[in-house]
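A.B. asks: I'm passing along final-v4.cif; it holds mmCIF, C-alpha atoms.
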```
data_start
loop_
_atom_site.group_PDB
_atom_site.id
_atom_site.type_symbol
_atom_site.label_atom_id
_atom_site.label_comp_id
_atom_site.auth_asym_id
_atom_site.auth_seq_id
_atom_site.Cartn_x
_atom_site.Cartn_y
_atom_site.Cartn_z
ATOM 1 C CA MET O 1 0.000 0.000 0.000
ATOM 2 C CA ARG O 2 1.179 3.529 -0.788
ATOM 3 C CA ILE O 3 0.797 5.761 2.270
ATOM 4 C CA ALA O 4 1.476 9.463 2.873
ATOM 5 C CA VAL O 5 2.137 10.441 6.493
ATOM 6 C CA PHE O 6 1.650 14.012 7.723
ATOM 7 C CA GLY O 7 3.159 15.048 11.053
ATOM 8 C CA ALA O 8 5.879 12.467 10.457
ATOM 9 C CA THR O 9 8.375 14.161 12.801
ATOM 10 C CA GLY O 10 6.075 13.956 15.842
ATOM 11 C CA GLY O 11 5.730 11.092 18.300
ATOM 12 C CA VAL O 12 2.740 9.407 16.657
ATOM 13 C CA GLY O 13 3.901 10.276 13.149
ATOM 14 C CA GLN O 14 7.305 8.681 13.629
ATOM 15 C CA GLU O 15 5.611 5.523 14.888
ATOM 16 C CA ILE O 16 3.288 5.428 11.879
ATOM 17 C CA VAL O 17 6.265 5.701 9.529
ATOM 18 C CA ARG O 18 8.282 3.068 11.392
ATOM 19 C CA GLN O 19 5.459 0.549 11.627
ATOM 20 C CA ALA O 20 4.241 1.113 8.076
ATOM 21 C CA VAL O 21 7.722 0.480 6.682
ATOM 22 C CA ALA O 22 8.046 -2.662 8.810
ATOM 23 C CA ALA O 23 4.734 -3.874 7.374
ATOM 24 C CA GLY O 24 6.051 -3.438 3.847
ATOM 25 C CA HIS O 25 4.119 -0.321 2.843
ATOM 26 C CA GLU O 26 5.553 2.341 0.541
ATOM 27 C CA VAL O 27 5.739 5.420 2.744
ATOM 28 C CA THR O 28 6.031 9.122 1.971
ATOM 29 C CA ALA O 29 6.817 11.272 5.019
ATOM 30 C CA VAL O 30 5.517 14.828 4.583
ATOM 31 C CA VAL O 31 7.552 17.293 6.651
ATOM 32 C CA ARG O 32 8.438 20.948 6.895
ATOM 33 C CA ASP O 33 11.973 20.304 8.138
ATOM 34 C CA PRO O 34 13.673 17.055 7.046
ATOM 35 C CA ALA O 35 16.372 17.637 9.674
ATOM 36 C CA ARG O 36 13.810 16.801 12.362
ATOM 37 C CA LEU O 37 13.315 13.306 11.019
ATOM 38 C CA PRO O 38 15.056 10.487 12.906
ATOM 39 C CA VAL O 39 17.652 8.375 11.134
ATOM 40 C CA PRO O 40 16.080 7.703 7.707
ATOM 41 C CA LEU O 41 14.490 4.302 7.257
ATOM 42 C CA SER O 42 15.082 2.367 4.079
ATOM 43 C CA GLY O 43 12.284 2.889 1.583
ATOM 44 C CA VAL O 44 10.897 6.120 3.072
ATOM 45 C CA GLN O 45 10.385 8.948 0.624
ATOM 46 C CA VAL O 46 10.532 12.453 2.076
ATOM 47 C CA HIS O 47 8.348 15.238 0.724
ATOM 48 C CA THR O 48 9.291 18.676 2.034
ATOM 49 C CA ALA O 49 6.546 21.303 2.167
ATOM 50 C CA ALA O 50 7.475 24.621 3.728
ATOM 51 C CA ARG O 51 3.777 25.460 4.149
ATOM 52 C CA LEU O 52 1.489 22.640 5.218
ATOM 53 C CA ASP O 53 -1.524 24.952 5.003
ATOM 54 C CA GLU O 54 -1.204 25.408 1.226
ATOM 55 C CA PRO O 55 -3.013 22.607 -0.660
ATOM 56 C CA GLU O 56 -1.033 23.110 -3.868
ATOM 57 C CA ALA O 57 2.172 22.335 -1.984
ATOM 58 C CA LEU O 58 0.679 19.046 -0.777
ATOM 59 C CA ARG O 59 -0.814 17.643 -3.972
ATOM 60 C CA GLU O 60 2.366 15.876 -5.081
ATOM 61 C CA ALA O 61 2.673 14.257 -1.650
ATOM 62 C CA VAL O 62 -0.814 12.702 -1.784
ATOM 63 C CA ALA O 63 -1.062 11.971 -5.508
ATOM 64 C CA GLY O 64 -1.433 8.264 -6.232
ATOM 65 C CA ARG O 65 -1.562 7.275 -2.560
ATOM 66 C CA ASP O 66 -3.934 4.621 -1.309
ATOM 67 C CA ALA O 67 -4.288 6.314 2.072
ATOM 68 C CA VAL O 68 -3.202 9.416 3.948
ATOM 69 C CA LEU O 69 -2.501 9.251 7.686
ATOM 70 C CA SER O 70 -2.209 12.485 9.633
ATOM 71 C CA ALA O 71 -0.821 13.145 13.095
ATOM 72 C CA LEU O 72 -1.002 16.914 12.639
ATOM 73 C CA GLY O 73 -2.145 18.979 15.593
ATOM 74 C CA SER O 74 -1.208 21.336 18.376
ATOM 75 C CA ARG O 75 1.891 20.639 20.474
ATOM 76 C CA GLY O 76 0.710 22.746 23.365
ATOM 77 C CA ARG O 77 -2.364 24.284 24.978
ATOM 78 C CA LYS O 78 -2.647 27.066 22.385
ATOM 79 C CA ALA O 79 -4.076 25.376 19.319
ATOM 80 C CA ASP O 80 -4.492 28.441 17.064
ATOM 81 C CA GLY O 81 -6.666 26.341 14.772
ATOM 82 C CA VAL O 82 -3.726 24.178 13.710
ATOM 83 C CA ALA O 83 -5.598 20.884 13.330
ATOM 84 C CA GLU O 84 -8.546 22.453 11.515
ATOM 85 C CA ARG O 85 -6.402 24.545 9.183
ATOM 86 C CA LEU O 86 -3.806 21.948 8.247
ATOM 87 C CA THR O 87 -6.298 19.105 7.907
ATOM 88 C CA GLY O 88 -8.386 21.351 5.669
ATOM 89 C CA ALA O 89 -5.384 21.822 3.381
ATOM 90 C CA VAL O 90 -4.787 18.063 3.288
ATOM 91 C CA LEU O 91 -8.444 17.449 2.410
ATOM 92 C CA THR O 92 -8.313 19.982 -0.428
ATOM 93 C CA ALA O 93 -5.133 18.430 -1.836
ATOM 94 C CA MET O 94 -6.633 14.938 -1.610
ATOM 95 C CA GLU O 95 -9.824 15.987 -3.364
ATOM 96 C CA ALA O 96 -7.816 17.593 -6.163
ATOM 97 C CA GLU O 97 -5.880 14.341 -6.662
ATOM 98 C CA GLY O 98 -8.835 11.984 -6.248
ATOM 99 C CA VAL O 99 -7.486 10.370 -3.067
ATOM 100 C CA ARG O 100 -10.216 9.386 -0.621
ATOM 101 C CA ARG O 101 -8.916 7.471 2.422
ATOM 102 C CA LEU O 102 -7.812 9.664 5.338
ATOM 103 C CA LEU O 103 -7.133 8.768 8.966
ATOM 104 C CA VAL O 104 -6.377 11.480 11.522
ATOM 105 C CA VAL O 105 -5.496 11.687 15.204
ATOM 106 C CA SER O 106 -8.088 13.461 17.335
ATOM 107 C CA ALA O 107 -8.743 13.001 21.086
ATOM 108 C CA ALA O 108 -11.095 11.046 23.331
ATOM 109 C CA PRO O 109 -12.889 14.124 24.759
ATOM 110 C CA VAL O 110 -14.057 15.031 21.250
ATOM 111 C CA GLY O 111 -16.025 11.782 21.125
ATOM 112 C CA PRO O 112 -19.111 10.785 23.113
ATOM 113 C CA ARG O 113 -18.906 10.203 26.844
ATOM 114 C CA PRO O 114 -18.574 6.489 27.628
ATOM 115 C CA ALA O 115 -21.679 4.734 28.883
ATOM 116 C CA ASP O 116 -21.741 4.410 32.677
ATOM 117 C CA ASP O 117 -18.738 6.702 32.995
ATOM 118 C CA PRO O 118 -17.412 6.355 36.600
ATOM 119 C CA PRO O 119 -17.485 9.566 38.697
ATOM 120 C CA LEU O 120 -13.679 9.796 38.835
ATOM 121 C CA ASP O 121 -13.426 9.548 35.062
ATOM 122 C CA ARG O 122 -16.071 12.266 34.673
ATOM 123 C CA LEU O 123 -14.089 14.523 36.998
ATOM 124 C CA VAL O 124 -10.791 13.886 35.203
ATOM 125 C CA ARG O 125 -12.472 14.485 31.850
ATOM 126 C CA LYS O 126 -13.900 17.793 33.108
ATOM 127 C CA VAL O 127 -10.560 19.036 34.486
ATOM 128 C CA ILE O 128 -8.572 18.069 31.385
ATOM 129 C CA GLY O 129 -11.269 19.545 29.173
ATOM 130 C CA ALA O 130 -10.911 22.885 30.930
ATOM 131 C CA VAL O 131 -7.107 22.888 30.673
ATOM 132 C CA LEU O 132 -7.044 21.881 27.006
ATOM 133 C CA LYS O 133 -10.210 23.705 25.978
ATOM 134 C CA GLU O 134 -8.647 25.358 22.923
ATOM 135 C CA VAL O 135 -7.069 22.134 21.694
ATOM 136 C CA TYR O 136 -10.323 20.183 21.897
ATOM 137 C CA ALA O 137 -12.269 23.017 20.254
ATOM 138 C CA ASP O 138 -9.781 22.934 17.377
ATOM 139 C CA LEU O 139 -10.124 19.151 17.044
ATOM 140 C CA THR O 140 -13.919 19.455 17.128
ATOM 141 C CA ARG O 141 -13.799 21.906 14.222
ATOM 142 C CA MET O 142 -11.381 19.591 12.429
ATOM 143 C CA GLU O 143 -13.822 16.713 12.766
ATOM 144 C CA ALA O 144 -16.649 18.936 11.495
ATOM 145 C CA ALA O 145 -14.538 19.674 8.408
ATOM 146 C CA LEU O 146 -14.023 15.945 7.913
ATOM 147 C CA ALA O 147 -17.781 15.366 8.115
ATOM 148 C CA ARG O 148 -18.400 18.002 5.428
ATOM 149 C CA SER O 149 -15.790 16.523 3.092
ATOM 150 C CA THR O 150 -16.095 13.821 0.447
ATOM 151 C CA ALA O 151 -13.195 11.869 1.975
ATOM 152 C CA ASP O 152 -13.496 8.380 3.418
ATOM 153 C CA TRP O 153 -12.189 9.583 6.755
ATOM 154 C CA THR O 154 -11.661 8.032 10.168
ATOM 155 C CA SER O 155 -10.920 10.065 13.290
ATOM 156 C CA VAL O 156 -8.912 8.082 15.855
ATOM 157 C CA ARG O 157 -9.568 9.377 19.380
ATOM 158 C CA PRO O 158 -7.044 8.308 22.034
ATOM 159 C CA PRO O 159 -6.960 9.512 25.658
ATOM 160 C CA LYS O 160 -3.725 10.736 27.270
ATOM 161 C CA LEU O 161 -0.731 9.748 25.133
ATOM 162 C CA THR O 162 2.343 8.081 26.593
ATOM 163 C CA ASP O 163 5.763 7.029 25.318
ATOM 164 C CA GLY O 164 5.096 3.429 26.260
ATOM 165 C CA PRO O 165 5.910 0.468 24.002
ATOM 166 C CA LEU O 166 3.914 -1.004 21.159
ATOM 167 C CA THR O 167 1.619 -3.684 22.613
ATOM 168 C CA GLY O 168 -1.026 -4.160 19.950
ATOM 169 C CA THR O 169 -3.407 -4.823 22.835
ATOM 170 C CA TYR O 170 -5.984 -2.085 23.345
ATOM 171 C CA ARG O 171 -9.721 -1.515 23.081
ATOM 172 C CA THR O 172 -11.495 0.165 20.197
ATOM 173 C CA ALA O 173 -15.009 1.571 19.996
ATOM 174 C CA VAL O 174 -16.307 2.602 16.576
ATOM 175 C CA GLY O 175 -18.530 5.618 17.157
ATOM 176 C CA GLY O 176 -17.838 5.531 20.880
ATOM 177 C CA THR O 177 -15.266 5.761 23.671
ATOM 178 C CA PRO O 178 -13.872 2.834 25.695
ATOM 179 C CA ARG O 179 -15.027 3.003 29.318
ATOM 180 C CA SER O 180 -12.328 4.114 31.787
ATOM 181 C CA GLY O 181 -9.769 4.416 29.006
ATOM 182 C CA ARG O 182 -7.179 6.793 30.418
ATOM 183 C CA THR O 183 -3.972 6.247 28.441
ATOM 184 C CA LEU O 184 -2.566 4.839 25.213
ATOM 185 C CA SER O 185 0.984 4.807 23.916
ATOM 186 C CA ARG O 186 1.816 6.723 20.769
ATOM 187 C CA ALA O 187 3.071 3.455 19.313
ATOM 188 C CA ASP O 188 -0.320 1.841 19.831
ATOM 189 C CA VAL O 189 -2.130 4.862 18.372
ATOM 190 C CA ALA O 190 -0.066 4.371 15.226
ATOM 191 C CA HIS O 191 -0.811 0.643 15.291
ATOM 192 C CA ALA O 192 -4.545 1.326 15.556
ATOM 193 C CA MET O 193 -4.478 3.792 12.657
ATOM 194 C CA LEU O 194 -2.704 1.354 10.373
ATOM 195 C CA ALA O 195 -5.079 -1.446 11.398
ATOM 196 C CA LEU O 196 -8.103 0.728 10.564
ATOM 197 C CA VAL O 197 -6.974 1.697 7.063
ATOM 198 C CA ASP O 198 -8.806 -1.263 5.509
ATOM 199 C CA ASP O 199 -11.685 -1.394 7.999
ATOM 200 C CA PRO O 200 -14.916 -0.366 6.218
ATOM 201 C CA ALA O 201 -16.761 -0.080 9.540
ATOM 202 C CA SER O 202 -14.553 2.853 10.516
ATOM 203 C CA VAL O 203 -15.177 4.927 7.377
ATOM 204 C CA LYS O 204 -16.736 8.324 8.157
ATOM 205 C CA ARG O 205 -16.676 7.465 11.871
ATOM 206 C CA GLY O 206 -14.795 8.409 14.988
ATOM 207 C CA VAL O 207 -13.054 5.511 16.732
ATOM 208 C CA GLY O 208 -12.183 5.604 20.414
ATOM 209 C CA VAL O 209 -9.003 3.735 21.349
ATOM 210 C CA ALA O 210 -7.556 3.090 24.819
ATOM 211 C CA TYR O 211 -6.076 0.443 27.100
#
```
I'd like the structure from this file rewritten - as structure tokens, please.
C.D. replies:
Amino acid sequence: MRIAVFGATGGVGQEIVRQAVAAGHEVTAVVRDPARLPVPLSGVQVHTAARLDEPEALREAVAGRDAVLSALGSRGRKADGVAERLTGAVLTAMEAEGVRRLLVVSAAPVGPRPADDPPLDRLVRKVIGAVLKEVYADLTRMEAALARSTADWTSVRPPKLTDGPLTGTYRTAVGGTPRSGRTLSRADVAHAMLALVDDPASVKRGVGVAY
């Protein structure tokens, strides 16, 4: 499979690239600064785009790809519309090139509250939601843009991310949120995204993922 990866220099993005290469996929890493990539992996193509918010600069990166995986988003509490703006540019480039499959990283609080959510989890969710209000608002707008698009999108919604190892053992909830799911490693987020690429049940849906 030919895959383009946006946000390839970040924690989740690097894992997507690494795991996709190991699985035998043809990978294009889309980056602003190639110097921020880790030691290059054999078979990875690098597409440099100085402006990730300009669709014309992204068309070559997505042309002919079977799927686009994006780990683009804010790296702090001030989102400044990063996820919405950059994902919008990716969507426009994909539409221009006739590429339909897109998987993005969102966040658990953007999805529905789990059924029978324990009181402690409700409290934690409320506190984190207040601290990261701007980030979640940006991701909510991003998901609204996905819903308006013609893409075959999937929004993967993990809880708190960790630098833990790849386990391949986690819970998923198409259209929902795993109960009491508090953490997930970046490696397992990447694993889940790659596993969902060919899952028709996840198309045009949000998918909650957590341990």
A.B. asks: If you apply the PyMOL selection byres ((chain O and resi 53) around 7) to this file, what residues do you get, as a ChimeraX atom specification?
C.D. replies: /O:51-52,54-55,85-86,89
A.B. asks: Using the chain letters and numbering of this document, enumerate as a list in words the residues selected by the PyMOL selection byres ((chain O and resi 113) around 10).
C.D. replies: Ala108, Pro109, Val110, Gly111, Pro112, Pro114, Ala115, Asp116, Asp117, Asp121, Arg122, Arg125, Gly176, Thr177, Pro178 and Arg179 of chain O
A.B. asks: Between O:Leu58, O:Ala107, O:Ala187, O:Val197, which residue has the minimum interatomic distance to O:Gly129, considering all atoms listed in the file?
C.D. replies: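 With all atoms listed in the file as the atom set, the closest residue is O:Ala107.
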A.B. asks: O:Val209, O:Leu120, O:His191, O:Ala144: which is nearest O:Arg18, counting only C-alpha atoms?
C.D. replies: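 Under the stated criterion, the closest residue is O:His191.
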A.B. asks: Edge lengths and centre in Å to one decimal, as lines of an AutoDock Vina configuration file, of the axis-aligned box that encloses all listed atoms of stretch 68-87 of chain O with 8 Å added on every side?
C.D. replies:
```
center_x = -3.3
center_y = 18.8
center_z = 14.5
size_x = 26.4
size_y = 35.2
size_z = 37.0
```
A.B. asks: Applied to this file, what does the PyMOL selection byres ((chain O and resi 12) around 8) return in terms of residues, put as a count of residues only?
C.D. replies: 13
A.B. asks: Taking into account only C-alpha atoms, which residue in the set O:Val90, O:Ala210, O:Ala61, O:Leu184 is nearest to O:Leu166?
C.D. replies: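 Distance minimum relative to O:Leu166 lands on O:Leu184.
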